[in-house]
Each structure stands twice: as C-alpha cells, then as structure tokens.
file entry_32.cif (mmCIF, C-alpha atoms)
data_query
loop_
_atom_site.group_PDB
_atom_site.id
_atom_site.type_symbol
_atom_site.label_atom_id
_atom_site.label_comp_id
_atom_site.auth_asym_id
_atom_site.auth_seq_id
_atom_site.Cartn_x
_atom_site.Cartn_y
_atom_site.Cartn_z
ATOM 1 C CA MET B 1 121.640 103.954 98.343
ATOM 2 C CA PRO B 2 123.097 100.432 98.243
ATOM 3 C CA ILE B 3 120.831 97.487 97.445
ATOM 4 C CA GLU B 4 119.921 95.539 100.569
ATOM 5 C CA ILE B 5 117.940 92.286 100.741
ATOM 6 C CA THR B 6 116.608 91.100 104.122
ATOM 7 C CA SER B 7 114.956 87.696 104.535
ATOM 8 C CA LEU B 8 111.390 87.663 105.844
ATOM 9 C CA THR B 9 111.104 83.925 106.650
ATOM 10 C CA PRO B 10 113.583 81.013 106.671
ATOM 11 C CA HIS B 11 112.265 79.692 103.325
ATOM 12 C CA ILE B 12 110.560 82.396 101.301
ATOM 13 C CA GLY B 13 110.305 86.154 100.927
ATOM 14 C CA ALA B 14 112.676 89.088 101.355
ATOM 15 C CA ARG B 15 112.501 92.867 101.613
ATOM 16 C CA LEU B 16 114.540 94.683 98.957
ATOM 17 C CA THR B 17 115.566 98.335 99.294
ATOM 18 C CA GLY B 18 117.912 100.548 97.274
ATOM 19 C CA ILE B 19 116.082 100.296 93.926
ATOM 20 C CA ASP B 20 113.679 102.919 92.558
ATOM 21 C CA ALA B 21 111.182 101.124 90.283
ATOM 22 C CA ARG B 22 110.030 104.453 88.831
ATOM 23 C CA ARG B 23 113.185 104.996 86.779
ATOM 24 C CA PRO B 24 115.009 102.829 84.220
ATOM 25 C CA LEU B 25 116.952 100.010 85.868
ATOM 26 C CA THR B 26 120.646 99.429 85.283
ATOM 27 C CA PRO B 27 121.840 95.932 84.307
ATOM 28 C CA PRO B 28 123.307 95.389 87.810
ATOM 29 C CA GLU B 29 119.932 96.283 89.351
ATOM 30 C CA VAL B 30 118.086 93.828 87.091
ATOM 31 C CA GLU B 31 120.651 91.175 87.986
ATOM 32 C CA ALA B 32 120.241 91.887 91.705
ATOM 33 C CA ILE B 33 116.467 91.420 91.455
ATOM 34 C CA ASP B 34 116.852 88.181 89.479
ATOM 35 C CA GLU B 35 119.369 86.852 91.994
ATOM 36 C CA GLY B 36 117.061 87.820 94.843
ATOM 37 C CA MET B 37 114.184 86.031 93.154
ATOM 38 C CA ASN B 38 116.302 82.915 92.576
ATOM 39 C CA ARG B 39 116.976 82.761 96.307
ATOM 40 C CA HIS B 40 113.807 84.119 97.941
ATOM 41 C CA ALA B 41 111.039 83.647 95.295
ATOM 42 C CA VAL B 42 109.172 86.716 96.654
ATOM 43 C CA LEU B 43 110.593 90.248 96.929
ATOM 44 C CA VAL B 44 108.894 93.195 98.641
ATOM 45 C CA LEU B 45 109.956 96.643 97.426
ATOM 46 C CA PRO B 46 108.381 99.221 99.771
ATOM 47 C CA GLY B 47 107.617 102.827 98.930
ATOM 48 C CA GLN B 48 107.227 102.446 95.158
ATOM 49 C CA ASP B 49 104.672 105.141 94.238
ATOM 50 C CA ILE B 50 104.624 104.308 90.528
ATOM 51 C CA THR B 51 102.367 105.045 87.580
ATOM 52 C CA ASP B 52 100.968 102.406 85.242
ATOM 53 C CA GLU B 53 103.521 103.368 82.582
ATOM 54 C CA GLN B 54 106.380 103.041 85.075
ATOM 55 C CA GLN B 55 105.121 99.643 86.222
ATOM 56 C CA LEU B 56 104.985 98.397 82.627
ATOM 57 C CA ALA B 57 108.516 99.660 81.948
ATOM 58 C CA PHE B 58 109.788 98.020 85.146
ATOM 59 C CA THR B 59 108.103 94.712 84.275
ATOM 60 C CA ARG B 60 109.637 94.575 80.784
ATOM 61 C CA ASN B 61 113.077 94.197 82.371
ATOM 62 C CA PHE B 62 112.161 90.608 83.234
ATOM 63 C CA GLY B 63 110.648 89.207 80.047
ATOM 64 C CA PRO B 64 107.752 89.542 77.595
ATOM 65 C CA LEU B 65 104.468 90.779 79.047
ATOM 66 C CA GLU B 66 101.556 88.430 79.612
ATOM 67 C CA GLU B 67 98.574 90.181 78.013
ATOM 68 C CA GLY B 68 94.846 89.548 78.207
ATOM 69 C CA ALA B 69 94.772 88.667 81.908
ATOM 70 C CA ASN B 70 91.224 89.987 82.310
ATOM 71 C CA SER B 71 89.712 87.249 80.150
ATOM 72 C CA THR B 72 86.304 87.525 81.843
ATOM 73 C CA VAL B 73 85.879 91.222 81.009
ATOM 74 C CA ARG B 74 84.982 92.784 77.654
ATOM 75 C CA ASN B 75 87.535 95.338 76.419
ATOM 76 C CA SER B 76 84.926 98.093 76.635
ATOM 77 C CA GLU B 77 84.628 97.438 80.382
ATOM 78 C CA LEU B 78 88.346 97.409 81.175
ATOM 79 C CA ARG B 79 89.540 99.938 83.746
ATOM 80 C CA LEU B 80 93.219 99.394 82.959
ATOM 81 C CA ALA B 81 95.331 98.642 79.893
ATOM 82 C CA PRO B 82 95.131 95.005 78.654
ATOM 83 C CA ALA B 83 98.641 94.270 79.957
ATOM 84 C CA PHE B 84 97.342 94.677 83.523
ATOM 85 C CA ALA B 85 95.402 92.199 85.599
ATOM 86 C CA ASP B 86 92.955 94.423 87.464
ATOM 87 C CA VAL B 87 92.659 92.724 90.849
ATOM 88 C CA SER B 88 90.869 95.681 92.429
ATOM 89 C CA ASN B 89 87.223 95.808 93.429
ATOM 90 C CA LEU B 90 86.536 98.852 91.208
ATOM 91 C CA ASP B 91 84.672 99.205 87.933
ATOM 92 C CA LYS B 92 85.573 101.435 84.968
ATOM 93 C CA GLU B 93 83.971 104.457 86.676
ATOM 94 C CA GLY B 94 85.903 103.851 89.904
ATOM 95 C CA GLN B 95 82.879 102.530 91.816
ATOM 96 C CA LYS B 96 82.988 99.421 93.992
ATOM 97 C CA LEU B 97 81.769 96.288 92.226
ATOM 98 C CA ALA B 98 78.342 95.010 93.187
ATOM 99 C CA ARG B 99 78.080 91.678 94.975
ATOM 100 C CA ASP B 100 76.717 89.921 91.885
ATOM 101 C CA ASN B 101 79.070 91.588 89.397
ATOM 102 C CA LYS B 102 80.551 88.960 87.059
ATOM 103 C CA ARG B 103 84.108 90.279 87.371
ATOM 104 C CA ARG B 104 83.860 90.335 91.157
ATOM 105 C CA MET B 105 82.598 86.760 91.289
ATOM 106 C CA ALA B 106 85.311 85.557 88.904
ATOM 107 C CA SER B 107 87.971 87.343 90.981
ATOM 108 C CA LEU B 108 86.981 85.288 94.027
ATOM 109 C CA GLY B 109 89.156 82.611 92.415
ATOM 110 C CA ASN B 110 92.129 84.667 93.610
ATOM 111 C CA ARG B 111 91.288 83.436 97.115
ATOM 112 C CA LEU B 112 92.203 79.890 96.042
ATOM 113 C CA TRP B 113 95.830 78.789 96.114
ATOM 114 C CA HIS B 114 97.082 79.132 92.544
ATOM 115 C CA SER B 115 99.924 79.966 90.192
ATOM 116 C CA ASP B 116 99.206 82.789 87.745
ATOM 117 C CA ALA B 117 98.449 81.719 84.160
ATOM 118 C CA SER B 118 99.111 78.033 84.778
ATOM 119 C CA PHE B 119 96.057 77.562 82.533
ATOM 120 C CA ARG B 120 98.131 78.796 79.562
ATOM 121 C CA VAL B 121 100.474 76.668 77.450
ATOM 122 C CA VAL B 122 103.279 79.089 78.368
ATOM 123 C CA PRO B 123 102.690 79.865 82.048
ATOM 124 C CA ALA B 124 103.770 82.943 83.985
ATOM 125 C CA LYS B 125 107.268 83.787 85.195
ATOM 126 C CA TYR B 126 107.183 86.862 87.455
ATOM 127 C CA SER B 127 104.061 88.611 88.725
ATOM 128 C CA ILE B 128 104.467 92.203 89.898
ATOM 129 C CA LEU B 129 101.683 93.626 92.068
ATOM 130 C CA SER B 130 101.423 97.299 92.979
ATOM 131 C CA GLY B 131 99.417 98.302 96.046
ATOM 132 C CA ARG B 132 97.859 101.623 95.034
ATOM 133 C CA ILE B 133 95.090 101.573 97.681
ATOM 134 C CA VAL B 134 95.409 98.866 100.330
ATOM 135 C CA THR B 135 93.371 97.652 103.265
ATOM 136 C CA THR B 136 94.677 96.753 106.713
ATOM 137 C CA ALA B 137 91.530 94.773 107.587
ATOM 138 C CA GLY B 138 92.148 91.554 105.677
ATOM 139 C CA GLY B 139 93.386 91.410 102.111
ATOM 140 C CA ASN B 140 96.792 89.937 102.955
ATOM 141 C CA THR B 141 98.491 88.003 100.168
ATOM 142 C CA GLU B 142 99.964 84.637 101.148
ATOM 143 C CA PHE B 143 102.791 82.913 99.294
ATOM 144 C CA ALA B 144 103.705 79.232 99.587
ATOM 145 C CA ASP B 145 107.212 77.996 98.753
ATOM 146 C CA MET B 146 106.932 75.104 96.313
ATOM 147 C CA ARG B 147 110.687 74.407 96.565
ATOM 148 C CA ALA B 148 110.647 73.864 100.313
ATOM 149 C CA ALA B 149 107.443 71.826 99.980
ATOM 150 C CA TYR B 150 109.112 69.574 97.401
ATOM 151 C CA ASP B 151 112.254 69.190 99.518
ATOM 152 C CA ASP B 152 110.123 68.065 102.467
ATOM 153 C CA LEU B 153 108.520 65.158 100.577
ATOM 154 C CA ASP B 154 109.728 61.644 101.277
ATOM 155 C CA ALA B 155 111.821 59.843 98.655
ATOM 156 C CA ALA B 156 108.980 57.534 97.569
ATOM 157 C CA THR B 157 106.645 60.444 96.833
ATOM 158 C CA LYS B 158 109.368 62.311 94.949
ATOM 159 C CA ALA B 159 109.905 59.256 92.769
ATOM 160 C CA GLU B 160 106.148 58.824 92.205
ATOM 161 C CA ILE B 161 105.565 62.397 91.032
ATOM 162 C CA GLU B 162 108.751 62.965 89.015
ATOM 163 C CA GLU B 163 107.198 62.298 85.589
ATOM 164 C CA LEU B 164 103.539 63.146 86.269
ATOM 165 C CA ILE B 165 101.705 65.554 83.953
ATOM 166 C CA CYS B 166 98.650 67.540 85.103
ATOM 167 C CA GLU B 167 95.899 69.310 83.197
ATOM 168 C CA HIS B 168 95.261 72.970 84.085
ATOM 169 C CA SER B 169 92.218 75.043 83.090
ATOM 170 C CA LEU B 170 90.118 77.950 84.349
ATOM 171 C CA ILE B 171 87.173 75.569 84.026
ATOM 172 C CA TYR B 172 88.572 73.522 86.927
ATOM 173 C CA SER B 173 89.312 76.430 89.268
ATOM 174 C CA ARG B 174 86.041 78.214 88.524
ATOM 175 C CA GLY B 175 84.199 74.953 89.037
ATOM 176 C CA GLN B 176 85.363 74.969 92.655
ATOM 177 C CA LEU B 177 83.406 78.212 93.134
ATOM 178 C CA GLY B 178 80.230 76.992 91.440
ATOM 179 C CA PHE B 179 80.841 78.207 87.885
ATOM 180 C CA THR B 180 79.689 75.209 85.856
ATOM 181 C CA GLU B 181 77.952 76.662 82.807
ATOM 182 C CA PHE B 182 80.242 77.802 79.995
ATOM 183 C CA LEU B 183 79.471 78.904 76.456
ATOM 184 C CA PRO B 184 81.032 76.868 73.610
ATOM 185 C CA ASP B 185 83.560 79.610 72.801
ATOM 186 C CA GLU B 186 84.508 79.846 76.488
ATOM 187 C CA ARG B 187 85.191 76.119 76.589
ATOM 188 C CA VAL B 188 87.456 76.487 73.564
ATOM 189 C CA ALA B 189 89.326 79.387 75.195
ATOM 190 C CA MET B 190 89.656 77.433 78.446
ATOM 191 C CA ARG B 191 90.741 74.161 76.853
ATOM 192 C CA PRO B 192 92.995 72.344 79.354
ATOM 193 C CA VAL B 193 96.761 72.581 78.953
ATOM 194 C CA ARG B 194 99.410 70.193 80.263
ATOM 195 C CA HIS B 195 102.185 70.930 82.749
ATOM 196 C CA ARG B 196 104.697 68.868 84.651
ATOM 197 C CA LEU B 197 103.984 68.408 88.342
ATOM 198 C CA VAL B 198 107.696 68.743 89.136
ATOM 199 C CA ARG B 199 109.760 71.547 87.630
ATOM 200 C CA THR B 200 113.421 72.505 87.863
ATOM 201 C CA HIS B 201 114.035 76.225 88.239
ATOM 202 C CA PRO B 202 116.472 77.520 85.598
ATOM 203 C CA GLY B 203 117.986 80.160 87.893
ATOM 204 C CA SER B 204 118.567 78.153 91.062
ATOM 205 C CA GLY B 205 118.552 74.557 89.781
ATOM 206 C CA ARG B 206 116.126 73.614 92.575
ATOM 207 C CA LYS B 207 113.156 71.332 92.006
ATOM 208 C CA SER B 208 109.679 72.494 92.975
ATOM 209 C CA LEU B 209 106.065 71.407 92.824
ATOM 210 C CA PHE B 210 103.902 73.040 90.164
ATOM 211 C CA LEU B 211 100.531 73.144 91.905
ATOM 212 C CA SER B 212 97.489 75.356 91.326
ATOM 213 C CA ALA B 213 93.731 75.511 91.807
ATOM 214 C CA HIS B 214 93.608 75.302 88.003
ATOM 215 C CA ILE B 215 94.597 71.590 88.098
ATOM 216 C CA GLY B 216 91.757 69.259 87.145
ATOM 217 C CA THR B 217 93.386 65.865 86.720
ATOM 218 C CA ILE B 218 96.617 63.909 86.286
ATOM 219 C CA ILE B 219 97.166 62.371 82.864
ATOM 220 C CA GLY B 220 96.629 58.596 83.017
ATOM 221 C CA TRP B 221 94.928 58.627 86.428
ATOM 222 C CA PRO B 222 91.220 58.328 87.250
ATOM 223 C CA GLN B 223 90.065 61.853 88.054
ATOM 224 C CA PRO B 224 88.833 61.142 91.619
ATOM 225 C CA GLU B 225 92.186 59.565 92.525
ATOM 226 C CA ALA B 226 94.071 62.410 90.844
ATOM 227 C CA MET B 227 92.151 65.126 92.656
ATOM 228 C CA ALA B 228 92.465 63.415 96.027
ATOM 229 C CA PHE B 229 96.224 63.196 95.490
ATOM 230 C CA ILE B 230 96.485 66.835 94.351
ATOM 231 C CA ARG B 231 94.522 67.888 97.432
ATOM 232 C CA ASP B 232 97.003 66.035 99.645
ATOM 233 C CA LEU B 233 99.907 67.786 97.911
ATOM 234 C CA MET B 234 98.199 71.187 98.229
ATOM 235 C CA GLU B 235 97.653 70.653 101.950
ATOM 236 C CA HIS B 236 101.278 69.619 102.349
ATOM 237 C CA ALA B 237 102.616 72.584 100.345
ATOM 238 C CA THR B 238 100.607 75.244 102.198
ATOM 239 C CA GLN B 239 101.600 74.316 105.741
ATOM 240 C CA PRO B 240 102.491 77.413 107.820
ATOM 241 C CA GLN B 241 106.230 76.696 107.755
ATOM 242 C CA PHE B 242 106.258 77.097 103.960
ATOM 243 C CA VAL B 243 104.138 80.280 103.829
ATOM 244 C CA TYR B 244 104.892 84.014 103.934
ATOM 245 C CA ALA B 245 101.857 86.265 104.549
ATOM 246 C CA HIS B 246 102.318 89.795 103.240
ATOM 247 C CA ARG B 247 100.457 92.556 105.037
ATOM 248 C CA TRP B 248 100.195 95.395 102.543
ATOM 249 C CA THR B 249 101.208 98.989 103.065
ATOM 250 C CA GLN B 250 100.461 101.615 100.431
ATOM 251 C CA HIS B 251 102.854 101.641 97.449
ATOM 252 C CA ASP B 252 104.369 98.239 98.186
ATOM 253 C CA LEU B 253 105.555 96.573 94.995
ATOM 254 C CA VAL B 254 105.654 92.796 95.435
ATOM 255 C CA ILE B 255 107.298 90.457 92.918
ATOM 256 C CA TRP B 256 106.877 86.698 92.992
ATOM 257 C CA ASP B 257 108.084 83.826 90.848
ATOM 258 C CA ASN B 258 105.153 81.686 89.697
ATOM 259 C CA ARG B 259 107.569 78.877 88.834
ATOM 260 C CA THR B 260 108.372 78.300 92.513
ATOM 261 C CA THR B 261 105.364 79.642 94.441
ATOM 262 C CA MET B 262 101.632 79.502 94.871
ATOM 263 C CA HIS B 263 99.691 82.446 96.283
ATOM 264 C CA ARG B 264 96.228 83.576 97.337
ATOM 265 C CA VAL B 265 94.575 86.735 98.653
ATOM 266 C CA ARG B 266 92.723 86.608 101.948
ATOM 267 C CA ARG B 267 89.131 87.757 102.323
ATOM 268 C CA PHE B 268 88.329 91.389 103.090
ATOM 269 C CA ASP B 269 85.170 93.522 103.040
ATOM 270 C CA ASP B 270 85.311 94.280 99.328
ATOM 271 C CA LEU B 271 81.710 95.506 99.246
ATOM 272 C CA ASN B 272 82.526 98.476 101.513
ATOM 273 C CA ILE B 273 86.326 98.981 101.382
ATOM 274 C CA VAL B 274 88.242 100.056 98.273
ATOM 275 C CA ARG B 275 91.317 98.011 97.362
ATOM 276 C CA ASP B 276 93.178 99.029 94.184
ATOM 277 C CA MET B 277 95.823 96.470 93.202
ATOM 278 C CA ARG B 278 97.396 96.337 89.721
ATOM 279 C CA ARG B 279 99.329 93.316 88.480
ATOM 280 C CA THR B 280 101.669 92.924 85.546
ATOM 281 C CA THR B 281 103.082 89.544 84.591
ATOM 282 C CA THR B 282 105.867 88.152 82.416
ATOM 283 C CA ARG B 283 105.786 84.859 80.513
ATOM 284 C CA SER B 284 108.060 81.899 81.111
ATOM 285 C CA ASP B 285 110.379 80.666 78.373
ATOM 286 C CA GLY B 286 108.026 77.969 77.068
ATOM 287 C CA PRO B 287 105.725 75.038 77.886
ATOM 288 C CA THR B 288 106.634 72.660 80.689
ATOM 289 C CA ALA B 289 105.234 69.626 78.850
ATOM 290 C CA ASP B 290 104.153 68.498 75.384
ATOM 291 C CA GLN B 291 100.539 69.416 74.668
ATOM 292 C CA GLU B 292 97.765 67.137 73.505
ATOM 293 C CA ALA B 293 97.362 67.178 69.727
ATOM 294 C CA ALA B 294 94.583 69.492 68.566
#
call {"tool": "encode", "arguments": {"input": "entry_32.cif", "output": "structure tokens"}}
result
Amino acid sequence: MPIEITSLTPHIGARLTGIDARRPLTPPEVEAIDEGMNRHAVLVLPGQDITDEQQLAFTRNFGPLEEGANSTVRNSELRLAPAFADVSNLDKEGQKLARDNKRRMASLGNRLWHSDASFRVVPAKYSILSGRIVTTAGGNTEFADMRAAYDDLDAATKAEIEELICEHSLIYSRGQLGFTEFLPDERVAMRPVRHRLVRTHPGSGRKSLFLSAHIGTIIGWPQPEAMAFIRDLMEHATQPQFVYAHRWTQHDLVIWDNRTTMHRVRRFDDLNIVRDMRRTTTRSDGPTADQEAA
C-alpha cells in the first residue's frame, strides 16, 4: 500500500496511511514520517494495534528515548516500563484511579496547554501516543500550531520576543492546579530550566513559539509582567484557527512534534470510564538556551 498523507486542517495535522508501525520501518518510511512531521506537526496513523515492545521499536526510529516520564510515581507502582508515560486512569492492578490518587491528581496537568518535557534541559522532540482503550465521551486531544501562531504575530511583537528566555518547571504548572508544597528533593528535581521563547525548527526552517504551562517567568522581567505576557501569548496561540482537535478511535497512533506544537487532553469521566493511553517520547538534539550556573 502506498504512503498517503491527507491534511486535516489548513495549518496543522494530517492522516497518514500505508505504514504498519508494528514491523520494522524502512529508511524511506522513516523519511516519509519525518517529512510529514516537518510539514504538518501532527500525524494520525489509524489502525495501529501495537504492543508495548512494538511501540518502543517504532519510537526509536526517531531519536533517543525520553525515560522517567512518570516522575510522580515510585518504580514499584509503575504499570508500564519506565520509557512509557502512562497517561491512563489505571493503577498497577488495572483498576481505575481513585479521585484523590496522587498520580491522578498530577495527571490533571495534562489538561493544561503544554509541551512535553519542556521542564527538562533537553526538551522533547516527538511524542507518540497509542490509544489502546479510548473514550468517545470527552478525552479528545487538542494540538495548537506554534508556527502559525508565530507567523500571525505583528512585527513589533516578533521583534520583542526574539531573544527572550523563559524558565520552565513542573513547580510552575503544578502550582496552577494547587500543588504548592514540595519536599526539598522534589524542588531539586524540579529546578527551573531555561528555554528560548522563539525557536527555529531544524527540519522546516520555520520559526515557532515555545510555550507551555510549565513556564513560570521570563528572565529579566518582573514575574507578574512576565506571566501576564505569557498568558496573552497562550491565548493568541490557542485560537481555534490554530488548533486541531483529535477525536480518538481505538488503535490510533498519534505523533506530534513538541518543538512546534502545544497540546492538552480534554476532560472526561475518568472516575467511571477506562481510558488506556500509552506515550513514548524522543529527546531533542540539545538545550535551546544556556542554563543558569549551578
């Protein structure tokens, strides 16, 4: 079957068919996916009934794995291998998480607009999410095109933000949900990292905004002014014309480029409906900005 890519919106997202993610990819297939990502930023591969091992093998075609995504969960409580981000609502025994479960509460941060692993010195490249058990009542994943949002800014704003550096940390995003008490070792692990607000994509050469709920300030700005400005940019970047909303069907495999998108999951009845989603992620080539000296 030939590879076919069909756009889903004018700016972002495409449906890709003709590739079986369960078997080893050929170099032309890897190239086709990379080219599709350079253009569309989000690719939907339907009908990919894959195992965890097959998903890991597929992901390794696109760079080194990002490990330790479940930083809020002890290893003894993990349901999946450490290379997976378990974004389900299931515990190790396959039971739905209780309302006050720590992992469930932490995962509510996925409902904020964010870029995966922007709180790390080397942020994420591709995220690959497999819909093992999906829900049709809510639970859509929305993707915002940071390239189109940047292009739509006026010249004065583009000039103002060109050299700005932001601090990213899980402390900032969790703080939005009421998590304010952190142990000393957690504060060390969540120490803010620095990233450019404007990035140039190495595959397409296009500039994009690097926004995320993990942003807590702009270097050199008073924090209230910085956060008001970031909020304005977030509102601008998530206007409907820049967003693709994916309605999941079982065994969809969705790939997105964290360097050019933000995303969030929409609310669903996670206390009564099972949703089993498994994410693997690759790392970018390196930091986007020099880090503060230790």
call {"tool": "atom_distance", "arguments": {"input": "entry_32.cif", "atom1": "atom CA of Glu181 of chain B", "atom2": "atom CA of Ala226 of chain B"}}
result
23.0 Å
call {"tool": "closest_residue", "arguments": {"input": "entry_32.cif", "among": "B:Ala149, B:Leu16, B:Val122, B:Ala98", "to": "Gln48 of chain B", "atoms": "all atoms listed in the file"}}
result
B:Leu16
call {"tool": "residues_around", "arguments": {"input": "entry_32.cif", "residues": "Ala228 of chain B", "least_positions_apart": "5", "cutoff": "12 Å", "atoms": "all atoms listed in the file", "output": "NGL selection string"}}
result
:B and (215-218 or 221-223 or 233-235)
call {"tool": "atom_distance", "arguments": {"input": "entry_32.cif", "atom1": "atom CA of Pro202 of chain B", "atom2": "atom CA of Gly286 of chain B"}}
result
12.0 Å
call {"tool": "residues_around", "arguments": {"input": "entry_32.cif", "residues": "segment 28-37 of chain B", "least_positions_apart": "3", "cutoff": "9 Å", "atoms": "only C-alpha atoms", "output": "PyMOL selection string"}}
result
chain B and resi 3+5+13-14+16+19+25+40-43+61-62+203-204+255-257
call {"tool": "build_atoms", "arguments": {"input": "entry_32.cif", "residues": "segment 128-144 of chain B", "atoms": "N, CA and C atoms", "output": "PDB file, keeping the file's coordinate frame"}}
result
ATOM      1  N   ILE B 128     104.048  90.984  89.215  1.00  0.00           N
ATOM      2  CA  ILE B 128     104.467  92.203  89.898  1.00  0.00           C
ATOM      3  C   ILE B 128     103.205  92.961  90.277  1.00  0.00           C
ATOM      4  N   LEU B 129     102.937  93.065  91.573  1.00  0.00           N
ATOM      5  CA  LEU B 129     101.683  93.626  92.068  1.00  0.00           C
ATOM      6  C   LEU B 129     101.951  94.916  92.818  1.00  0.00           C
ATOM      7  N   SER B 130     101.270  95.972  92.388  1.00  0.00           N
ATOM      8  CA  SER B 130     101.423  97.299  92.979  1.00  0.00           C
ATOM      9  C   SER B 130     100.227  97.608  93.858  1.00  0.00           C
ATOM     10  N   GLY B 131     100.484  97.955  95.107  1.00  0.00           N
ATOM     11  CA  GLY B 131      99.417  98.302  96.046  1.00  0.00           C
ATOM     12  C   GLY B 131      99.133  99.788  96.013  1.00  0.00           C
ATOM     13  N   ARG B 132      98.185 100.189  95.169  1.00  0.00           N
ATOM     14  CA  ARG B 132      97.859 101.623  95.034  1.00  0.00           C
ATOM     15  C   ARG B 132      96.985 102.091  96.202  1.00  0.00           C
ATOM     16  N   ILE B 133      95.917 101.332  96.499  1.00  0.00           N
ATOM     17  CA  ILE B 133      95.090 101.573  97.681  1.00  0.00           C
ATOM     18  C   ILE B 133      94.954 100.232  98.388  1.00  0.00           C
ATOM     19  N   VAL B 134      95.384 100.153  99.625  1.00  0.00           N
ATOM     20  CA  VAL B 134      95.409  98.866 100.330  1.00  0.00           C
ATOM     21  C   VAL B 134      94.477  98.925 101.530  1.00  0.00           C
ATOM     22  N   THR B 135      94.173  97.748 102.058  1.00  0.00           N
ATOM     23  CA  THR B 135      93.371  97.652 103.265  1.00  0.00           C
ATOM     24  C   THR B 135      94.172  96.946 104.350  1.00  0.00           C
ATOM     25  N   THR B 136      93.996  97.392 105.574  1.00  0.00           N
ATOM     26  CA  THR B 136      94.677  96.753 106.713  1.00  0.00           C
ATOM     27  C   THR B 136      93.756  95.765 107.415  1.00  0.00           C
ATOM     28  N   ALA B 137      92.490  95.714 107.002  1.00  0.00           N
ATOM     29  CA  ALA B 137      91.530  94.773 107.587  1.00  0.00           C
ATOM     30  C   ALA B 137      91.319  93.640 106.588  1.00  0.00           C
ATOM     31  N   GLY B 138      92.187  92.644 106.639  1.00  0.00           N
ATOM     32  CA  GLY B 138      92.148  91.554 105.677  1.00  0.00           C
ATOM     33  C   GLY B 138      92.884  91.944 104.412  1.00  0.00           C
ATOM     34  N   GLY B 139      92.746  91.107 103.383  1.00  0.00           N
ATOM     35  CA  GLY B 139      93.386  91.410 102.111  1.00  0.00           C
ATOM     36  C   GLY B 139      94.863  91.090 102.054  1.00  0.00           C
ATOM     37  N   ASN B 140      95.389  90.368 103.048  1.00  0.00           N
ATOM     38  CA  ASN B 140      96.792  89.937 102.955  1.00  0.00           C
ATOM     39  C   ASN B 140      96.963  89.001 101.760  1.00  0.00           C
ATOM     40  N   THR B 141      98.161  88.971 101.208  1.00  0.00           N
ATOM     41  CA  THR B 141      98.491  88.003 100.168  1.00  0.00           C
ATOM     42  C   THR B 141      99.455  86.991 100.747  1.00  0.00           C
ATOM     43  N   GLU B 142      99.126  85.712 100.609  1.00  0.00           N
ATOM     44  CA  GLU B 142      99.964  84.637 101.148  1.00  0.00           C
ATOM     45  C   GLU B 142     100.696  83.934 100.009  1.00  0.00           C
ATOM     46  N   PHE B 143     101.944  83.576 100.276  1.00  0.00           N
ATOM     47  CA  PHE B 143     102.791  82.913  99.294  1.00  0.00           C
ATOM     48  C   PHE B 143     103.327  81.618  99.899  1.00  0.00           C
ATOM     49  N   ALA B 144     103.213  80.532  99.134  1.00  0.00           N
ATOM     50  CA  ALA B 144     103.705  79.232  99.587  1.00  0.00           C
ATOM     51  C   ALA B 144     104.913  78.821  98.752  1.00  0.00           C
TER      52      ALA B 144
END
